[in-house]
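First comes the structure, then the notes that go with it.
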Amino acid sequence: MHVADLRGLTVAYGNKVAVQDFTCSIPEGCIGLLGPNGAGKSTLIRALLGFVDPAGGGGTVLGHNIATHPLEIRMNVGLMPEMDCHIPGMTAVEFTAYAGELSGMPREQAMRRAHEVLEYCGLGEARYRNIETYSTGMKQKAKLAQAVVHGPKLLFLDEPTNGLDPAGRDEMLAMIKDISHGKGVNVVLSSHLLPDIEKTCDEVIVMHNGKLRAQESVKTIRVVGTSLYDLELKLPNDGFSDAITRKSAKVIHNFSTRYRVEFPADFPTPTRAVFEAAKEVGAQVRVLAHAQRSLEEAFLEAVQ
Amino acid sequence: MSQQAPIADLSYRNYDGPKTLKTARWWVITLSGLRVSFKKKGLWIMFGVSSLSYLFMLFMMFTQSFTQGMGDDMLGGFREQLVGTYSNAFWPLMIALLVGSGSIAADNRANALQVYLAKPLSKRDYLIGKWLYIFMIIFAVYFLPLLVVVLYRAFDAGFVDFIRSDGRVFAVLPLLAGLPAALHASVLVGISAWNKTPWIVGVIYAGVYFFSSIFALVLSSAIDSTSAVTDSTLQHLSIEGVISGVAQNLLGAAPGGIARALSQSTVPAATPLLLIAAVLIIGGILAARARIRAVEVVQG
Amino acid sequence: MIFLERASRWYGQVIGLNDVSCSFGPGITALLGQNGAGKSTMLKLITGQLRPTTGSLTVFGDAPFSNPNVYKRIGYCPETDSFYEDMTGRQFVNLMARMAGVPNDAVDGVVTRTLDTVGMLDRCDKKIAGFSKGMRQRIKFAQALAHDPDILILDEPLNGLDPVGRRDLQNLLKQLADAGKTIVISSHILHEVEQMTRHIVLLHKGRLLALGDVGEIRSLIDKHPHRVRVEMEGARPFARKLMAMPNVLSVTFDRHNPNLVEIETAEPDVFYTEVSDLVLSEGIEFSAFTSPDTKLESVFGYLVKGGAS
């Protein structure tokens, strides 16, 4: 079952085509939406929320046609916008409950559910305070709360970790991962921070110039040749490159303590070779694993 | 309780309770606007102050009933008195500014539209919701004291007599409250939609309001002094004047008492005033409509 | 270049920076810390927008507070947007360059060159009001760079840029650092910091918590328990051998993957050496030998959590 199906969707503003002949099925789970600025990601999300009249093609979200049933779509999806946003003059509880009511929940249910999601988002006692007094991290949490209060089947998150410090970011990513796995919520996550996507998403959709450039699972994207290894030493060591080369490996690149090396195909004992080389030059191996392409590398390859 | 597992799962769960797409989706927004407004102490204080003139009118009617007919000449008949009291539009305006200035401007500042429009709402729903709560408050501010005064008079004068002499008052009461409410609500949402700062909206509307009054006064005195016509229409070519002027037409009476002493003795022509009112109401709503765009929900 | 000597700054009763001594030299230094750790206060002190309440701070030997001579040698890219929205990108950079002391006859050339460097030359003649976040960030960066300052102070410089823009700007910063500029970057995005520099200054609750090379700092935290993950055929027999080591605190098997084992050790240095010996003597082949604790992210986490308790 797909949460959204787009068939040849084309969206244009005046003469400018923002999304062109876009065909794609968004599967269940947590999906990363990637693309450089101006690639058409925002337009795509707008279209999926039923805000635009397609110039060509069309599609469905949760079974509702994007051109004819925007309200039904928006009743069952949630959006966490990128910019700071809240409804003025309200505490987080009032705000979240109001968001639920606007989505069609009865008032009592909205109030009960508001408390539940704010507690989940970690706002605790702060939920009785006016949102205007919140820090960036808390505002981000309140934004997430208002997006899930009505139990959406599909959730759009636009740069959800923007402005968060490392602890806040980890917290937010953990919530996104939790919500999007096994809880009946599917997530489309748009972010410029590719490690965020790596940590949370199962699959990515890459857009470029309004077109679909790639749709792949995060696991397969990361696979590179099996004879490539990434390794890391404890401290920088000048002799290691030579030592590992003598063990018939090739250094692909090296920054500080990190190396990527390639062994000949079917080389029987790469682990032994690396540890031996390290021992010869008095280095200590801290990491050794099959090389994985970072999402960043994959992304830059896809759009350039 | 029968299906309760020994240990409950308290992690995230999705909501799957009732949820309906109502026809009157704007009603939620109106209710919220009312709720937020009712929390403002200023609203209640100003409502009290605004009703004082009606209280004074009640007091005068009360004393009049002891001194049969003695003050009638000075105060004029009931409808003259009513129109005079009604024309004190200052406090209702202040209430409108208090509850209405921020209606959309505060939302603009907080990017609240991104929250609203991501929900199953059209911009029409949003606009109606915002407009209606301002309308309802101003309507009540006018309607409640008017109703009290009129009912008092009706009981005091005897119901049958009252219906015979001033019966039309009952019929036009909703219009008397509705016109200023619609005017204030429309112009305020119009200005508010184009601003990000509530107090600036208040200053702009108050400025336009009082400037138009001064303008009408200057205009009428300039033309009055050059012509022999003593028509009061010119004096009413302002927002305040429109409210009072239409009311005079509805009640069929010019203000009595002190106002009469200031030479406002004739009822102004209705057509130009209604035209101004219509332009302001429609213009305000269209201005707001033009500013609110759903597409801005997703940036970039 | 930049020296802080027991510098403190407080606002009324709120303390922003508490008794910090450190220095910044050529190359890239990352200024890390949670929200409210005092990073912005420190940047404002360095750029002369604030004066230290106690202690001293010098930039090229002068106190920077309202000192135009220092201002000319500093380029500052603030985190928040503060533009004249009605200006075009070029006009804005031009104005800022002239204010920073670029002579009038040279300014046009300088501005064009800088805009080219940040990749905005083709779009800089539109009004800033219509710019996207990434474009604004590039203009802010250009404005900091235009007068060719010796010191660059950058507050979240990559914020709002897409991955391509991030990569471009990172490379540019590396070039500038190689050219001998002193660059201070405040950032929350630790993996990007890791790609640019190994030199960090970590603030926590207004105080200096750690300073220096990430590797050195990491080896100091080696005193704390350290986790290592091993994935291999026959993980259990291997784990049995590890359990014999006195420095191993715990061995945990994965519930779903029988080949995965996580070890916690009290003395990483000893542990890694012993593993190395074991590998060489027994001829063991790993599928993966990693530690979640080697990343800057976990170093940061350890330090901040330790500092908080």
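In the structure tokens, chains take the letters A, B, ... in the order shown, each chain's residues start at 1, and ligands count up from 1 in the order shown.
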
Check the DSSP output for the backbone and give back, as a ChimeraX atom specification, the residues of segment 16-93 of chain A in strand (DSSP E or B). /A:16-27,30-34,56-61,64-65,77-80,91

Find the nearest atom pair between each residue of chain C and chain A for residues within 7 Å, count only C-alpha atoms, give distances in Å to one decimal, sort rows by chain and ascending number, and present the table as a tab-separated table.
```
residue	atom	partner	partner_atom	distance
C:Gln34	CA	A:Asp165	CA	5.4
C:Asn35	CA	A:Asp165	CA	6.0
C:Asp162	CA	A:His192	CA	5.1
C:Pro163	CA	A:His192	CA	5.8
C:Val164	CA	A:Pro36	CA	6.7
C:His188	CA	A:Asp165	CA	5.2
C:Gly215	CA	A:Leu235	CA	6.6
C:Tyr272	CA	A:Gln284	CA	6.9
C:Thr273	CA	A:Gln284	CA	7.0
C:Ser276	CA	A:Phe275	CA	6.2
C:Val279	CA	A:Arg272	CA	6.5
C:Leu280	CA	A:Arg272	CA	6.1
C:Gly283	CA	A:Arg272	CA	6.5
C:Glu285	CA	A:Thr271	CA	5.2
C:Phe286	CA	A:Thr271	CA	6.2
C:Ser287	CA	A:Ala289	CA	6.3
C:Ala288	CA	A:Ala289	CA	4.3
C:Phe289	CA	A:Leu288	CA	4.9
C:Thr290	CA	A:Val287	CA	4.6
C:Ser291	CA	A:Val287	CA	6.7
```

Identify every residue of chain A that has at least one atom within 6 Å of any atom of chain B, counting only C-alpha atoms, and report the result as an mmCIF file with C-alpha atoms, in the first residue's frame.
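Result file follows (part.cif):
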```
data_model
loop_
_atom_site.group_PDB
_atom_site.id
_atom_site.type_symbol
_atom_site.label_atom_id
_atom_site.label_comp_id
_atom_site.auth_asym_id
_atom_site.auth_seq_id
_atom_site.Cartn_x
_atom_site.Cartn_y
_atom_site.Cartn_z
ATOM 1 C CA SER A 42 8.423 22.743 -1.488
ATOM 2 C CA LEU A 71 -9.656 19.138 2.613
ATOM 3 C CA ARG A 74 -5.382 17.811 5.018
ATOM 4 C CA MET A 75 -7.651 16.257 7.603
ATOM 5 C CA CYS A 85 4.972 29.309 13.720
ATOM 6 C CA HIS A 86 2.333 29.206 16.402
ATOM 7 C CA ILE A 87 -0.996 30.795 17.152
ATOM 8 C CA SER A 103 -8.582 19.276 12.003
ATOM 9 C CA GLY A 104 -12.076 18.201 12.919
ATOM 10 C CA MET A 105 -11.643 16.628 16.360
ATOM 11 C CA GLY A 151 -3.495 11.377 14.381
#
```

As a list in words, which residues of segment 171-251 of chain A does DSSP assign to helix (DSSP H, G or I)?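 Residues meeting the helix (DSSP H, G or I) criterion: Glu171, Met172, Leu173, Ala174, Met175, Ile176, Lys177, Asp178, Ile179, Leu194, Pro195, Asp196, Ile197, Glu198, Lys199, Thr200, Val218, Lys219, Thr220, Ile221, Arg222, Phe240, Ser241, Asp242, Ala243, Ile244, Thr245 and Arg246 of chain A.
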
Output as a VMD selection string the set of chain C residues within 12 Å of chain B, with distances taken over only C-alpha atoms. chain C and resid 130 to 135 160 to 162

Residue contacts of segment 248-257 of chain C (12 Å, only C-alpha atoms) excluding same-chain residues fewer than 3 positions away, as JSON, numbers by chain: {"C": [224, 225, 226, 227, 228, 229, 230, 231, 232, 233, 234, 235, 236, 237, 238, 239, 240, 241, 242, 243, 244, 245, 260, 261, 262, 263, 264, 265, 266, 267, 268, 269, 270, 271, 272, 274, 275]}

Atom CA of Asn15 of chain A and atom CA of Met87 of chain C are how many Å apart? 26.1 Å

Got a sec: who's within 7 Å of segment 136-140 of chain B, counting only C-alpha atoms, leaving out chain neighbours fewer than 4 positions off, as a ChimeraX atom specification? /B:92,96,132,144,177-178,181

If we count only C-alpha atoms and set the cut-off at 10 Å, which residues sit around Leu234 of chain B, ignoring sequence neighbours fewer than 2 positions away in its own chain? Please answer as a list in words.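 Everything that qualifies: Phe215, Ala216, Leu217, Val218, Leu219, Ser220, Ser221, Ile223, Asp224, Thr230, Asp231, Ser232, His236, Leu237, Ser238, Gly241, Pro268, Ala269, Pro272 and Leu273 of chain B.
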
Take the residues just selected and output them with N, CA and C atoms as a PDB file, in the first residue's frame.
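This went into part_3.pdb:
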```pdb
ATOM      1  N   PHE B 215     -12.360  65.532   8.855  1.00  0.00           N
ATOM      2  CA  PHE B 215     -12.533  65.911   7.458  1.00  0.00           C
ATOM      3  C   PHE B 215     -13.988  66.289   7.178  1.00  0.00           C
ATOM      4  N   ALA B 216     -14.906  65.453   7.673  1.00  0.00           N
ATOM      5  CA  ALA B 216     -16.329  65.722   7.437  1.00  0.00           C
ATOM      6  C   ALA B 216     -16.745  67.024   8.096  1.00  0.00           C
ATOM      7  N   LEU B 217     -16.209  67.288   9.281  1.00  0.00           N
ATOM      8  CA  LEU B 217     -16.561  68.505  10.022  1.00  0.00           C
ATOM      9  C   LEU B 217     -16.076  69.738   9.259  1.00  0.00           C
ATOM     10  N   VAL B 218     -14.807  69.666   8.823  1.00  0.00           N
ATOM     11  CA  VAL B 218     -14.225  70.800   8.097  1.00  0.00           C
ATOM     12  C   VAL B 218     -14.987  71.022   6.801  1.00  0.00           C
ATOM     13  N   LEU B 219     -15.244  69.923   6.089  1.00  0.00           N
ATOM     14  CA  LEU B 219     -15.939  70.012   4.805  1.00  0.00           C
ATOM     15  C   LEU B 219     -17.309  70.652   4.980  1.00  0.00           C
ATOM     16  N   SER B 220     -18.045  70.156   5.969  1.00  0.00           N
ATOM     17  CA  SER B 220     -19.415  70.635   6.131  1.00  0.00           C
ATOM     18  C   SER B 220     -19.415  72.092   6.561  1.00  0.00           C
ATOM     19  N   SER B 221     -18.492  72.463   7.431  1.00  0.00           N
ATOM     20  CA  SER B 221     -18.525  73.863   7.871  1.00  0.00           C
ATOM     21  C   SER B 221     -18.072  74.786   6.745  1.00  0.00           C
ATOM     22  N   ILE B 223     -18.559  74.282   3.505  1.00  0.00           N
ATOM     23  CA  ILE B 223     -19.637  74.428   2.523  1.00  0.00           C
ATOM     24  C   ILE B 223     -20.859  75.089   3.146  1.00  0.00           C
ATOM     25  N   ASP B 224     -21.137  74.766   4.384  1.00  0.00           N
ATOM     26  CA  ASP B 224     -22.280  75.361   5.077  1.00  0.00           C
ATOM     27  C   ASP B 224     -22.198  76.883   5.092  1.00  0.00           C
ATOM     28  N   THR B 230     -28.911  73.775   4.971  1.00  0.00           N
ATOM     29  CA  THR B 230     -28.538  73.240   6.277  1.00  0.00           C
ATOM     30  C   THR B 230     -28.850  71.749   6.312  1.00  0.00           C
ATOM     31  N   ASP B 231     -28.287  71.042   5.343  1.00  0.00           N
ATOM     32  CA  ASP B 231     -28.435  69.597   5.302  1.00  0.00           C
ATOM     33  C   ASP B 231     -27.304  68.994   6.141  1.00  0.00           C
ATOM     34  N   SER B 232     -27.621  68.005   6.944  1.00  0.00           N
ATOM     35  CA  SER B 232     -26.583  67.440   7.816  1.00  0.00           C
ATOM     36  C   SER B 232     -25.821  66.300   7.141  1.00  0.00           C
ATOM     37  N   HIS B 236     -21.937  63.897   7.993  1.00  0.00           N
ATOM     38  CA  HIS B 236     -21.895  62.451   8.250  1.00  0.00           C
ATOM     39  C   HIS B 236     -21.011  61.685   7.282  1.00  0.00           C
ATOM     40  N   LEU B 237     -20.213  62.413   6.518  1.00  0.00           N
ATOM     41  CA  LEU B 237     -19.346  61.712   5.571  1.00  0.00           C
ATOM     42  C   LEU B 237     -18.068  61.213   6.263  1.00  0.00           C
ATOM     43  N   SER B 238     -18.260  60.480   7.337  1.00  0.00           N
ATOM     44  CA  SER B 238     -17.128  59.884   8.045  1.00  0.00           C
ATOM     45  C   SER B 238     -17.589  58.537   8.569  1.00  0.00           C
ATOM     46  N   GLY B 241     -19.855  59.162  11.284  1.00  0.00           N
ATOM     47  CA  GLY B 241     -21.062  59.772  10.741  1.00  0.00           C
ATOM     48  C   GLY B 241     -21.955  58.760  10.053  1.00  0.00           C
ATOM     49  N   PRO B 268     -29.843  62.914   7.968  1.00  0.00           N
ATOM     50  CA  PRO B 268     -29.083  62.970   6.708  1.00  0.00           C
ATOM     51  C   PRO B 268     -29.641  62.003   5.671  1.00  0.00           C
ATOM     52  N   ALA B 269     -29.253  62.239   4.424  1.00  0.00           N
ATOM     53  CA  ALA B 269     -29.706  61.364   3.346  1.00  0.00           C
ATOM     54  C   ALA B 269     -29.092  59.976   3.508  1.00  0.00           C
ATOM     55  N   PRO B 272     -26.042  58.100   0.221  1.00  0.00           N
ATOM     56  CA  PRO B 272     -24.566  58.195   0.233  1.00  0.00           C
ATOM     57  C   PRO B 272     -23.942  57.467   1.424  1.00  0.00           C
ATOM     58  N   LEU B 273     -24.642  57.494   2.553  1.00  0.00           N
ATOM     59  CA  LEU B 273     -24.085  56.854   3.744  1.00  0.00           C
ATOM     60  C   LEU B 273     -24.038  55.344   3.575  1.00  0.00           C
TER      61      LEU B 273
END
```

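Note that atom CA of Ser8 of chain C and atom CA of Gly206 of chain C are 8.6 Å apart.
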
Which residue gives the smallest distance to Ser217 of chain A among A:Ala298, A:Ala55, A:Ala145, A:Ile45, with only C-alpha atoms counted?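 Among the listed residues, the smallest separation from Ser217 of chain A belongs to A:Ala298.
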
In Å, with one decimal, what is the gap from atom CA of Ser87 of chain B to atom CA of Gly190 of chain B?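 The value is 24.0 Å.
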